[in-house]
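**Student:** First, the structure itself, so that you have it in front of you.
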Amino acid sequence: MSTVIETRKGKKGRNKNKASTAKVKEKETAVRANHRARNIATVVKTVKTRQRQRGAEVGREASDAAAGAAAASTAATSAATASAAEVTTPRKPKVETPRTHEDKVETKVEDRERVSKEEVEELREIPKTKEWKLLYIPYPFDDNMRVTAESASATVTETGLEAYKGLCLMCEKDETCKHVRPEGGVWRCEEYEPRTATAERPLRKRSVFENVARQFTKAAELMNLDPNIRRILSRTTNEAVVNFPVKMDDGRVEMFTGYRVQHCNLLGPFKGGLRFHPSVDLDEIRALAMWMTWKSAIVDIPFGGAKGGIQMDPSKYSIEELERITRRFTFALGNNIGPEYDIPAPDVNTNPQIMAWILDTYLSTVPPQERQRCMHVVTGKPVESGGSLGREKATGQGIVFLLEEWAREHEFDLKHATFMVQGFGNVGSWAARLLERLGAKLVAVEDVSGALINTKGINPDDLAGYASFKKGLVAGYPKAQPIDRETFLRTEADIFIPAALENQITAETAPWLNVRLVAEGANGPTDPDGDAILQERGIDVLPDILCNSGGVIVSYFEWLQNKRSELWELEEVDCKLHKRLVSAYQRVRDTARENNTDARTAAYILALSRLELAYKKRGIFP
Ligand code: NAD
C-alpha cells in the first residue's frame, strides 16, 4: 500500500533533488571553513600551553613520579572491579604500572584532578598518521549510564569520556595497550591495521553498548530526565547466558553460548529478536535490548525491550544442525521466554523457519491443553504456523512508509531518487524492492560477500532472485560491477539504507558518504562520532529506533492475532502499520523542533518521556 506524494515530476523533480544536494554541499563547505578556523585557534592555544609548560617542566617531573603511583592504585581498583564483573565481562583488562612516554601521557589524562582542558586539547592535536580504532570497553558506566572513573579505568572530564585504559581490541594484546592516543573523546589504537571483513573473519567490533550509553546520556541530559528513572533505565533487568551442547552431523558434540537480555517490561512484555552471529556477546545484546525498549515506546505499542542470540556463524552448519542448535537453545532458555513474558522474533541470520522451530520446541514443553494459548510465544513465524501476513516485509515496508513521509516534508521527489543499500537480507532486500516500486533507482548494494554498483540501476527483484540461489549472497551478480567497500560508501545517491550491522557509519566512514539522507534499517549502524559528522555535513538521518520499527509493530499485530485467533488481511496490516508510523514520524519531528535537536535525540526524548511518565504513575515497589 503506497501513499507517495509527488511534489515534482520528471526532470523538474530531478533538478530539485540536485539543488538540495548542492545546498548540502554548500553547508558542508561552510562547516569545513569553520572547522579550519577552530583548528588554527586550537593550535595557537596549544603552542601557548606548551610555552607555559616548558617553564613548569622541572616541577612536572616530580609530579609524574607521583602520577605513576596514582595510576598503580587506579590499576588495583580496576583489577578488583573487573574481577567482580567476571561473570558478565568477556575479558578483564590487566593494568600495569606506567613505564614509557605514552604511559605518562595516559596517566596525565587518566588523572581527573590534574588534567586541564588545554592538556586534553593538546593531546587531541596529535596528527592522525594511521587508522584509529576504539578500545575495548567492558562496562564502564555508572548507575546513570555515565562513564565512571570508578569502573575499570575510564576517566571522565567535563567533556565526557576522555580516556579509557583497558584491553586493546584492535592490536588484541592481552595487556593494557601501549599504542593509544585520545581522539574524539575516546582512546584509539595506532597499531590497528585495517582489514576487510569476511564471513570467516569478521572484523572485531567496537562497543555497541557505549553507543547506546552516549545516545541515552545526551537525551537524558537535554530533557532533564528524573535521576531515579535514569538510574533504572540505565540497567538491564535480567541477563541470561546459557551454555549448551549440540550433537553435530558427524557425531561430535559442540558447545554453544546463547544470550537473552531483558531490559525493561514497564510498558508490556519483553520483546526483541534473536540473532545468530559470531559478533554476538553481552555488550551487543544489552545495547540491542535497550534499543528495543525505546523503539516500542516511540511507536506506542505495549511491549518492553529484550534481545538475544547465539554466538556462532550459521553458514558453517547444515540445516539439520541449525535446527538442533535452535531447539536446544530454546530449551535452555526455558521460562525466560513466554507468550506473555518475553517474545522473540527474527533478526540477523534468523528467519521464519527458525521461529517455527522455536514455537514447536516451546509448545512441546507445555501441557497439550495450553498449547493453543501459547502460539504468540514468538513472532515472525511462517504464515502457515500462525504468522501474520505482511510480517516478513514489515521492516522494509516501514522504512519505505517513513521515506515517503520524509519526502513529503522535504518536497523531495522519491520517484526520481537514487539509493544504495548495505545488507541485502530481510530488511535491505524488502526496502529495496518496495522503494523501487515507487520509481526510485537502486545504484549500489553491499552485503557480507562484497559490493556492487550499476549507475543505470540494479533491479532488486532480479538481484533477490539471483541471491536466493547463492545462499542469499549478492557477489557475482552479472548485471553490476564489483566494487570495494570504500567505493561503495562513496557512491553518489540520494538515500543510503544501512541494513546490516552496527558501527558502519563512523568517524572514518561518515565523511565518505555522498548522500542526502541515511535511513537506518539496521540497529545502531551509526556510532555517535559518525552521527556528529553526518549532522555537521547536513545529512539527514531517520534514526534506527524509529526507522526500523515496522518489524516490531507488525510483530505486535501478529501477537494480537494469535491471542484473538484471528488472521488479518494484508491491506489491514499495512494500513495499521502506515498509520502508526506516520504518527510516530510526526511526533519525533515535533519533539525535534520543540527541543531544537536532531531526530535521534528527539526519538529518545519521546521514548524516555513516555517511560518516565509510566514509572511516575506506578511508583517503585514497595
Ligand atoms: P539478515 O540476516 O536477513 O540480513 C543481514 C544482511 O547483512 C545480509 O545481507 C548480510 O550479508 C549483510 N551483512 C552482514 N555482515 C555484513 C558486513 N560486514 N557488511 C555488509 N553487509 C553485511 O538480517 P536482517 O533481519 O535483515 O537484519 C538486518 C539489520 O536490521 C540488523 O541490524 C537487525 O537488527 C535490523 N532489524 C531487523 C528487523 C527484522 O525484522 N528482521 C527489524 C528491525 C531491525
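So you can find residues: chains in the C-alpha cells are A, B, ... in the order shown, residues in each start at 1, and ligands are numbered from 1 in order.
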Taking only C-alpha atoms and all ligand atoms into account, list the residues no farther than 7 Å from ligand 1, as a PyMOL selection string.

**Tutor:** chain A and resi 197+202+346-350+394-395+422-428+446-449+472-473+499-502+521-524+548-549+551-552

**Student:** Got a sec to tell me which of stretch 241-462 of chain A DSSP assigns to helix (DSSP H, G or I), as a compact mmCIF listing (two decimals) with C-alpha atoms, in the first residue's frame?

**Tutor:**
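Saved result, part31.txt, follows:
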```
# COMPACT_ATOMS: atom_id res chain seq x y z
CA LEU A 282 26.63 -9.42 26.16
CA ASP A 283 27.75 -5.93 25.14
CA GLU A 284 25.91 -6.16 21.82
CA ILE A 285 22.80 -7.85 23.18
CA ARG A 286 22.47 -5.34 26.03
CA ALA A 287 22.57 -2.46 23.56
CA LEU A 288 20.07 -4.12 21.23
CA ALA A 289 17.71 -4.85 24.15
CA MET A 290 17.75 -1.19 25.18
CA TRP A 291 17.07 -0.02 21.64
CA MET A 292 14.01 -2.31 21.64
CA THR A 293 12.63 -0.58 24.75
CA TRP A 294 12.95 2.86 23.18
CA LYS A 295 11.51 1.61 19.86
CA SER A 296 8.33 0.16 21.34
CA ALA A 297 7.80 3.32 23.39
CA ILE A 298 8.18 5.62 20.37
CA PRO A 314 25.34 -20.21 10.93
CA SER A 315 26.89 -20.59 7.46
CA LYS A 316 29.14 -23.30 8.93
CA ILE A 319 20.12 -27.22 8.15
CA GLU A 320 19.74 -30.21 10.47
CA GLU A 321 22.44 -28.86 12.81
CA LEU A 322 20.82 -25.41 12.77
CA GLU A 323 17.51 -26.95 13.78
CA ARG A 324 19.12 -28.84 16.68
CA ILE A 325 21.02 -25.71 17.81
CA THR A 326 17.81 -23.64 17.73
CA ARG A 327 15.73 -26.22 19.57
CA ARG A 328 18.39 -26.82 22.23
CA PHE A 329 18.79 -23.06 22.75
CA THR A 330 15.00 -22.67 23.16
CA PHE A 331 15.02 -25.50 25.69
CA ALA A 332 17.95 -23.92 27.55
CA LEU A 333 16.11 -20.59 27.75
CA GLY A 334 13.15 -22.38 29.39
CA ASN A 335 10.79 -19.99 31.14
CA ASN A 336 12.97 -16.99 30.34
CA PRO A 352 10.51 -17.58 9.93
CA GLN A 353 11.73 -21.20 9.77
CA ILE A 354 13.84 -20.70 12.90
CA MET A 355 10.84 -19.06 14.63
CA ALA A 356 8.73 -22.13 13.71
CA TRP A 357 11.30 -24.41 15.40
CA ILE A 358 11.29 -22.20 18.49
CA LEU A 359 7.48 -22.30 18.60
CA ASP A 360 7.38 -26.07 18.20
CA THR A 361 10.03 -26.64 20.88
CA TYR A 362 8.38 -24.25 23.33
CA LEU A 363 4.95 -25.83 22.78
CA SER A 364 6.44 -29.27 23.48
CA PRO A 368 -1.26 -30.11 25.40
CA GLN A 369 -4.32 -28.23 26.74
CA GLU A 370 -2.34 -24.98 26.91
CA ARG A 371 -0.60 -25.12 23.53
CA GLN A 372 -3.17 -23.15 21.58
CA ARG A 373 -2.89 -20.37 24.14
CA CYS A 374 0.88 -20.12 23.61
CA MET A 375 1.10 -19.52 19.85
CA HIS A 376 2.28 -15.96 20.49
CA VAL A 377 5.46 -17.04 22.30
CA VAL A 383 2.02 -17.63 7.97
CA GLU A 384 1.23 -21.37 7.90
CA SER A 385 2.38 -21.65 11.55
CA ALA A 394 7.28 -5.27 7.62
CA THR A 395 10.64 -3.69 8.50
CA GLY A 396 11.40 -2.82 4.86
CA GLN A 397 7.84 -1.61 4.35
CA GLY A 398 8.11 0.59 7.43
CA ILE A 399 11.31 2.17 6.10
CA VAL A 400 9.55 3.00 2.84
CA PHE A 401 6.49 4.49 4.59
CA LEU A 402 8.83 6.71 6.60
CA LEU A 403 10.78 7.70 3.50
CA GLU A 404 7.50 8.80 1.96
CA GLU A 405 6.81 10.97 5.00
CA TRP A 406 10.30 12.43 4.91
CA ALA A 407 9.98 13.11 1.16
CA ARG A 408 6.63 14.83 1.69
CA GLU A 409 8.10 17.07 4.39
CA LEU A 414 11.16 9.84 -4.46
CA LYS A 415 10.13 8.81 -7.94
CA HIS A 416 13.41 10.07 -9.36
CA ASN A 426 15.29 -9.41 5.08
CA VAL A 427 15.37 -5.68 5.81
CA GLY A 428 17.62 -4.48 2.98
CA SER A 429 16.09 -6.52 0.18
CA TRP A 430 12.48 -5.67 1.12
CA ALA A 431 13.27 -1.97 1.50
CA ALA A 432 14.97 -2.01 -1.93
CA ARG A 433 12.14 -3.86 -3.63
CA LEU A 434 9.42 -1.64 -2.19
CA LEU A 435 11.30 1.59 -2.82
CA GLU A 436 11.95 0.62 -6.42
CA PRO A 460 16.20 -5.55 -6.66
CA ASP A 461 13.74 -8.34 -7.54
CA ASP A 462 16.19 -9.76 -10.05
```

**Student:** Go through A:Gln504, A:Thr526, A:Thr257, A:Thr491 one by one, measure the shortest atom-to-atom distance of each to A:Asn211 using only C-alpha atoms, and give the residue with the smallest value.

**Tutor:** A:Thr526

**Student:** For A:Pro302, which of A:Tyr604, A:Tyr477, A:Phe270, A:Phe244 is the closest residue, counting only C-alpha atoms?

**Tutor:**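 Comparing A:Tyr604, A:Tyr477, A:Phe270, A:Phe244 against A:Pro302, the winner is A:Phe270.
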
**Student:** Do you know which residues are at most 7 Å from A:Leu577 counting only C-alpha atoms, after dropping those on the same chain fewer than 6 positions away, and could you put them as a PyMOL selection string?

**Tutor:** chain A and resi 550+553-554

**Student:** Using only C-alpha atoms, which protein or nucleic acid residues come within 10 Å of A:Asn351? Drop anything in the same chain fewer than 5 positions from it, and give the result as an mmCIF file with N, CA and C atoms, in the first residue's frame.

**Tutor:**
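This went into around32.cif:
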```cif
data_model
loop_
_atom_site.group_PDB
_atom_site.id
_atom_site.type_symbol
_atom_site.label_atom_id
_atom_site.label_comp_id
_atom_site.auth_asym_id
_atom_site.auth_seq_id
_atom_site.Cartn_x
_atom_site.Cartn_y
_atom_site.Cartn_z
ATOM 1 N N LEU A 274 16.147 -12.463 17.917
ATOM 2 C CA LEU A 274 17.244 -13.388 18.213
ATOM 3 C C LEU A 274 18.200 -13.354 17.033
ATOM 4 N N ARG A 275 19.475 -13.216 17.337
ATOM 5 C CA ARG A 275 20.489 -13.063 16.298
ATOM 6 C C ARG A 275 21.479 -14.223 16.381
ATOM 7 N N ALA A 345 11.768 -12.849 18.154
ATOM 8 C CA ALA A 345 11.387 -12.630 16.747
ATOM 9 C C ALA A 345 12.660 -12.778 15.912
ATOM 10 N N PRO A 346 12.562 -12.732 14.577
ATOM 11 C CA PRO A 346 13.782 -12.872 13.764
ATOM 12 C C PRO A 346 14.670 -11.635 13.810
ATOM 13 N N ALA A 356 9.630 -20.966 13.659
ATOM 14 C CA ALA A 356 8.729 -22.127 13.711
ATOM 15 C C ALA A 356 9.329 -23.217 14.606
ATOM 16 N N GLY A 380 6.981 -13.389 13.892
ATOM 17 C CA GLY A 380 7.802 -13.566 12.690
ATOM 18 C C GLY A 380 7.762 -15.015 12.238
ATOM 19 N N LYS A 381 6.700 -15.728 12.628
ATOM 20 C CA LYS A 381 6.545 -17.140 12.241
ATOM 21 C C LYS A 381 6.089 -17.208 10.778
ATOM 22 N N PRO A 382 6.233 -18.381 10.132
ATOM 23 C CA PRO A 382 5.638 -18.527 8.802
ATOM 24 C C PRO A 382 4.122 -18.386 8.924
ATOM 25 N N GLU A 392 6.880 -10.492 7.126
ATOM 26 C CA GLU A 392 8.192 -10.684 6.529
ATOM 27 C C GLU A 392 8.733 -9.382 5.928
ATOM 28 N N ASN A 426 16.723 -9.713 4.950
ATOM 29 C CA ASN A 426 15.293 -9.413 5.082
ATOM 30 C C ASN A 426 15.023 -7.917 4.935
#
```

**Student:** Measure the distance from atom CA of A:Pro269 to atom CA of A:Asp342 in Å and round it to one decimal.

**Tutor:**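 Atom-to-atom, atom CA of A:Pro269 and atom CA of A:Asp342 are spaced 5.5 Å apart.
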
**Student:** With only C-alpha atoms as the counted atoms, please give the residues lying no more than 7 Å from stretch 582-596 of chain A, apart from itself and same-chain residues fewer than 2 positions off, as a compact mmCIF listing (two decimals) with N, CA, C and O atoms, in the first residue's frame.

**Tutor:**
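File written: selection.txt
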```txt
# COMPACT_ATOMS: atom_id res chain seq x y z
N ILE A 298 8.38 4.57 21.39
CA ILE A 298 8.18 5.62 20.37
C ILE A 298 6.94 5.35 19.54
O ILE A 298 6.16 6.24 19.25
N VAL A 299 6.75 4.08 19.14
CA VAL A 299 5.63 3.79 18.24
C VAL A 299 4.38 3.38 19.03
O VAL A 299 3.41 2.90 18.45
N LEU A 402 8.19 5.55 5.97
CA LEU A 402 8.83 6.71 6.60
C LEU A 402 9.55 7.58 5.58
O LEU A 402 9.56 8.81 5.69
N GLU A 405 7.11 9.85 4.11
CA GLU A 405 6.81 10.97 5.00
C GLU A 405 7.91 12.02 4.92
O GLU A 405 7.66 13.22 4.85
N HIS A 578 1.05 1.74 8.56
CA HIS A 578 1.25 3.06 8.00
C HIS A 578 0.81 4.15 8.98
O HIS A 578 1.51 5.12 9.25
N LYS A 579 -0.37 3.91 9.56
CA LYS A 579 -0.94 4.90 10.49
C LYS A 579 -0.01 5.14 11.69
O LYS A 579 0.26 6.27 12.07
N ARG A 580 0.46 4.05 12.26
CA ARG A 580 1.32 4.17 13.44
C ARG A 580 2.63 4.87 13.11
O ARG A 580 3.13 5.68 13.89
N ASP A 598 18.41 17.02 17.13
CA ASP A 598 18.36 16.11 15.98
C ASP A 598 17.28 15.04 16.17
O ASP A 598 16.78 14.84 17.27
N ALA A 599 16.98 14.33 15.07
CA ALA A 599 15.87 13.36 15.11
C ALA A 599 16.15 12.21 16.08
O ALA A 599 15.23 11.72 16.76
N ALA A 602 15.61 13.41 19.56
CA ALA A 602 14.17 13.64 19.73
C ALA A 602 13.44 12.32 19.95
O ALA A 602 12.56 12.21 20.81
N ALA A 603 13.83 11.30 19.19
CA ALA A 603 13.18 9.99 19.34
C ALA A 603 13.44 9.44 20.75
O ALA A 603 12.55 8.88 21.40
N LEU A 606 11.29 11.31 23.27
CA LEU A 606 9.90 10.82 23.19
C LEU A 606 9.75 9.52 23.98
O LEU A 606 8.83 9.36 24.80
```

**Student:** Within stretch 250-491 of chain A, find each residue whose DSSP state, derived from the backbone, is strand (DSSP E or B), and express the selection as a PyMOL selection string.

**Tutor:** chain A and resi 253-264+270-277+305-311+338+342-346+418-422+441-447+450-458+481-483

**Student:** Can you work out which one of A:Gly450, A:Pro245, A:Gly305, A:Gly530 has the shortest atom-to-atom distance to A:Leu267, counting only C-alpha atoms?

**Tutor:** A:Gly305

**Student:** Of the candidates A:Asn459, A:Gln311, A:Ser609, A:Thr509, which one gets nearest to A:Asp226 if we count only C-alpha atoms?

**Tutor:** A:Ser609

**Student:** If you measure from atom CA of A:Arg610 to atom CA of A:Phe216, what distance in Å do you get, rounded to one decimal?

**Tutor:**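 Interatomic distance here is 14.3 Å.
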
**Student:** List the spatial neighbours of A:Lys218 as a short mmCIF file (atom, residue, chain, number, x, y, z; two decimals) with N, CA and C atoms, in the first residue's frame - criterion: any atom at most 12 Å away, only C-alpha atoms, same-chain residues fewer than 2 positions off excluded.

**Tutor:**
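Contents of part_22.cif, freshly written:
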```cif
data_model
loop_
_atom_site.label_atom_id
_atom_site.label_comp_id
_atom_site.auth_asym_id
_atom_site.auth_seq_id
_atom_site.Cartn_x
_atom_site.Cartn_y
_atom_site.Cartn_z
N ASN A 144 23.82 5.93 36.29
CA ASN A 144 23.13 6.86 35.41
C ASN A 144 23.61 6.76 33.97
N MET A 145 24.27 5.69 33.68
CA MET A 145 24.84 5.42 32.37
C MET A 145 25.86 6.48 31.97
N ARG A 146 26.51 7.06 32.99
CA ARG A 146 27.63 7.94 32.70
C ARG A 146 28.89 7.10 32.83
N THR A 159 34.15 17.19 29.45
CA THR A 159 33.69 16.92 28.08
C THR A 159 33.24 15.47 27.89
N GLY A 160 33.19 14.70 28.97
CA GLY A 160 32.69 13.33 28.83
C GLY A 160 33.85 12.35 28.94
N ASN A 211 27.77 3.07 22.55
CA ASN A 211 26.99 3.95 21.67
C ASN A 211 25.63 4.26 22.28
N VAL A 212 24.96 3.22 22.75
CA VAL A 212 23.63 3.45 23.31
C VAL A 212 23.74 4.32 24.55
N ALA A 213 24.81 4.12 25.32
CA ALA A 213 25.00 4.92 26.53
C ALA A 213 25.18 6.40 26.19
N ARG A 214 25.95 6.65 25.14
CA ARG A 214 26.19 8.05 24.76
C ARG A 214 24.91 8.70 24.21
N GLN A 215 24.15 7.94 23.45
CA GLN A 215 22.89 8.49 22.92
C GLN A 215 21.92 8.78 24.07
N PHE A 216 21.82 7.81 25.00
CA PHE A 216 20.91 7.94 26.15
C PHE A 216 21.29 9.15 26.99
N ALA A 220 18.94 12.22 27.91
CA ALA A 220 18.55 12.34 29.32
C ALA A 220 18.94 13.71 29.86
N GLU A 221 20.12 14.19 29.45
CA GLU A 221 20.56 15.49 29.94
C GLU A 221 19.74 16.62 29.34
N LEU A 222 19.45 16.51 28.06
CA LEU A 222 18.70 17.58 27.38
C LEU A 222 17.28 17.69 27.95
N MET A 223 16.66 16.56 28.23
CA MET A 223 15.26 16.60 28.71
C MET A 223 15.19 16.66 30.24
N ASN A 224 16.36 16.61 30.89
CA ASN A 224 16.41 16.62 32.34
C ASN A 224 15.61 15.45 32.93
N LEU A 225 15.91 14.28 32.48
CA LEU A 225 15.22 13.06 32.93
C LEU A 225 15.40 12.86 34.44
N ARG A 230 16.33 7.60 35.43
CA ARG A 230 17.57 7.44 34.66
C ARG A 230 18.38 6.26 35.19
N PRO A 528 28.11 7.35 17.58
CA PRO A 528 27.95 8.76 17.90
C PRO A 528 28.95 9.67 17.19
N THR A 597 16.69 19.95 18.50
CA THR A 597 17.69 18.89 18.48
C THR A 597 17.51 18.01 17.25
N ASP A 598 18.41 17.02 17.13
CA ASP A 598 18.36 16.11 15.98
C ASP A 598 17.28 15.04 16.17
N ARG A 600 17.40 11.77 16.18
CA ARG A 600 17.68 10.64 17.07
C ARG A 600 17.44 11.04 18.52
N THR A 601 17.97 12.20 18.90
CA THR A 601 17.80 12.64 20.29
C THR A 601 16.31 12.88 20.56
N ALA A 602 15.61 13.41 19.56
CA ALA A 602 14.17 13.64 19.73
C ALA A 602 13.44 12.32 19.95
N ALA A 603 13.83 11.30 19.19
CA ALA A 603 13.18 9.99 19.34
C ALA A 603 13.44 9.44 20.75
N TYR A 604 14.67 9.62 21.24
CA TYR A 604 15.00 9.21 22.61
C TYR A 604 14.14 9.97 23.62
N ILE A 605 14.02 11.28 23.43
CA ILE A 605 13.26 12.10 24.38
C ILE A 605 11.82 11.62 24.44
N LEU A 608 11.83 8.22 26.29
CA LEU A 608 12.14 8.35 27.72
C LEU A 608 11.03 9.09 28.46
#
```

**Student:** Do you have the atom CA of A:Ala467-atom CA of A:Ile483 distance handy?

**Tutor:** 17.3 Å
